[in-house]
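Chemist: One structure, as structure tokens, below. Some questions next.
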Amino acid sequence: MDSNLLIDIIGWIGVAALLLAYALVSLKRIEGDSVAYQALYALGSALLIVNSAYYRAYPSVGVNVAWIGIAAFILVRRSRTRLNANKG
């Protein structure tokens, strides 16, 4: 398989993950701070980082790194909240 085609497929899967996450939140199927939403968003962003870096679209890489950072922060905060709730 051509490497450009593979990178394009990776990018489109990333786009699909981000759009699915947004649609699920908008349709109130999942919450914005849910693990499912944050995981879909982080996955989509990671795949778009691969695509954007390959094509040297560094502003897109930067924004997707930020989205992954936000998702990681939310997931860590969520797990800490659950741990604290289980202690009390």
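Labeling convention for the structure tokens: chains A, B, ... as they appear, residues from 1 per chain, ligands from 1 in order of appearance.
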When you look at A:Tyr54 with a cut-off of 10 Å (counting only C-alpha atoms), what residues show up, excluding the ones that are within fewer than 3 positions of it in the same chain? I need them as a list in words.
Modeler: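 Close residues of A:Tyr54: Ser3, Asn4, Ile7, Asp8, Leu48, Ile49, Val50, Asn51, Ala57, Tyr58 and Val61 of chain A.
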Chemist: Would you save the residues from that selection as a compact mmCIF listing (two decimals), in the first residue's frame, using all heavy atoms?
Modeler:
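Here's the written file again-v1.txt:
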```txt
# COMPACT_ATOMS: atom_id res chain seq x y z
N SER A 3 2.34 4.72 0.97
CA SER A 3 2.40 5.35 2.30
C SER A 3 1.49 6.57 2.40
O SER A 3 0.89 6.81 3.45
CB SER A 3 3.84 5.72 2.67
OG SER A 3 4.37 6.65 1.77
N ASN A 4 1.35 7.34 1.31
CA ASN A 4 0.43 8.49 1.35
C ASN A 4 -1.01 8.04 1.58
O ASN A 4 -1.75 8.66 2.35
CB ASN A 4 0.51 9.30 0.06
CG ASN A 4 1.75 10.15 -0.04
OD1 ASN A 4 2.57 10.19 0.88
ND2 ASN A 4 1.91 10.82 -1.16
N ILE A 7 -1.44 7.02 5.25
CA ILE A 7 -1.51 8.21 6.10
C ILE A 7 -2.86 8.90 5.94
O ILE A 7 -3.44 9.39 6.92
CB ILE A 7 -0.34 9.16 5.80
CG1 ILE A 7 0.99 8.52 6.18
CG2 ILE A 7 -0.52 10.50 6.48
CD1 ILE A 7 1.17 8.21 7.65
N ASP A 8 -3.36 8.95 4.72
CA ASP A 8 -4.68 9.55 4.49
C ASP A 8 -5.78 8.76 5.19
O ASP A 8 -6.69 9.34 5.80
CB ASP A 8 -4.98 9.67 3.00
CG ASP A 8 -4.16 10.73 2.31
OD1 ASP A 8 -3.58 11.60 3.02
OD2 ASP A 8 -4.08 10.72 1.07
N LEU A 48 -4.89 12.11 13.88
CA LEU A 48 -4.68 13.33 13.10
C LEU A 48 -3.27 13.89 13.28
O LEU A 48 -2.74 14.51 12.37
CB LEU A 48 -5.73 14.37 13.44
CG LEU A 48 -7.09 14.10 12.81
CD1 LEU A 48 -8.13 15.09 13.31
CD2 LEU A 48 -7.00 14.14 11.29
N ILE A 49 -2.66 13.65 14.43
CA ILE A 49 -1.26 14.06 14.62
C ILE A 49 -0.37 13.31 13.64
O ILE A 49 0.52 13.90 13.01
CB ILE A 49 -0.81 13.83 16.08
CG1 ILE A 49 -1.44 14.87 16.99
CG2 ILE A 49 0.72 13.86 16.19
CD1 ILE A 49 -1.25 14.60 18.47
N VAL A 50 -0.61 12.01 13.49
CA VAL A 50 0.18 11.21 12.55
C VAL A 50 0.04 11.79 11.14
O VAL A 50 1.03 12.03 10.45
CB VAL A 50 -0.26 9.73 12.58
CG1 VAL A 50 0.38 8.94 11.45
CG2 VAL A 50 0.05 9.11 13.93
N ASN A 51 -1.21 12.04 10.74
CA ASN A 51 -1.47 12.58 9.40
C ASN A 51 -0.86 13.96 9.22
O ASN A 51 -0.18 14.23 8.23
CB ASN A 51 -2.98 12.61 9.16
CG ASN A 51 -3.35 13.18 7.82
OD1 ASN A 51 -3.47 14.40 7.69
ND2 ASN A 51 -3.54 12.32 6.84
N ALA A 57 1.93 19.68 8.59
CA ALA A 57 0.92 20.67 8.96
C ALA A 57 1.02 20.87 10.47
O ALA A 57 0.20 20.39 11.25
CB ALA A 57 -0.47 20.19 8.55
N TYR A 58 2.07 21.57 10.88
CA TYR A 58 2.41 21.66 12.30
C TYR A 58 1.39 22.41 13.16
O TYR A 58 1.21 22.05 14.33
CB TYR A 58 3.82 22.21 12.47
CG TYR A 58 4.84 21.30 11.83
CD1 TYR A 58 5.65 21.73 10.79
CD2 TYR A 58 4.95 19.97 12.25
CE1 TYR A 58 6.57 20.87 10.19
CE2 TYR A 58 5.86 19.10 11.66
CZ TYR A 58 6.66 19.56 10.62
OH TYR A 58 7.55 18.71 10.04
N VAL A 61 -0.90 19.73 14.13
CA VAL A 61 -0.25 18.88 15.13
C VAL A 61 -0.38 19.52 16.51
O VAL A 61 -0.76 18.87 17.49
CB VAL A 61 1.24 18.64 14.79
CG1 VAL A 61 1.96 17.97 15.96
CG2 VAL A 61 1.39 17.81 13.52
```
Chemist: Contacts of A:Ala17 at 12 Å or less, counting only C-alpha atoms, minus same-chain residues fewer than 5 places along, as a list in words?
Modeler: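 Returned residues: Ile10, Gly11, Trp12, Tyr22, Ala23, Leu24, Ala36, Tyr37, Gln38, Ala39, Leu40, Tyr41, Ala42, Leu43, Gly44, Ser45, Ala46, Leu47 and Leu48 of chain A.
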Chemist: Could the residues in this selection be saved with C-alpha atoms as a CSV table (one decimal), in the first residue's frame?
Modeler:
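Contents of the output file part-v1.csv:
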```
chain,number,residue,atom,x,y,z
A,10,ILE,CA,-5.3,7.2,9.3
A,11,GLY,CA,-6.3,10.8,9.0
A,12,TRP,CA,-9.8,10.0,7.9
A,22,TYR,CA,-19.0,15.3,18.9
A,23,ALA,CA,-22.2,13.7,17.6
A,24,LEU,CA,-22.6,11.5,20.6
A,36,ALA,CA,-15.9,7.2,26.0
A,37,TYR,CA,-15.9,10.8,24.8
A,38,GLN,CA,-12.4,11.6,26.0
A,39,ALA,CA,-11.0,8.3,24.6
A,40,LEU,CA,-12.6,8.9,21.2
A,41,TYR,CA,-11.3,12.5,21.1
A,42,ALA,CA,-7.8,11.4,22.2
A,43,LEU,CA,-7.8,8.6,19.6
A,44,GLY,CA,-9.0,10.9,16.8
A,45,SER,CA,-6.5,13.6,17.8
A,46,ALA,CA,-3.6,11.0,17.9
A,47,LEU,CA,-4.5,9.8,14.4
A,48,LEU,CA,-4.7,13.3,13.1
```
Chemist: May I have the residues within 9 Å of stretch 25-35 of chain A as a list of chain:residue names, using only C-alpha atoms and disregarding those fewer than 5 positions away in the same chain?
Modeler: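 Here the answer would be A:Leu20, A:Leu40, A:Ala71, A:Ile74, A:Leu75, A:Arg78.
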Chemist: Rounded to one decimal place, report the atom CA of A:Ala21-atom CA of A:Leu5 distance in Å.
Modeler: 24.3 Å
Chemist: Quote the spacing between atom CA of A:Asn64 and atom CA of A:Ser52 in Å to one decimal place.
Modeler: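 Atom CA of A:Ser52 lies at a distance of 9.3 Å from atom CA of A:Asn64.
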Chemist: Calculate how many Å separate atom CA of A:Val65 from atom CA of A:Leu6, rounding to one decimal.
Modeler: 21.0 Å
Chemist: If you run DSSP on the backbone here, which positions in chain A get helix (DSSP H, G or I)? Please write them as an MDAnalysis selection string.
Modeler: chainID A and resid 3:26 35:54 58:87
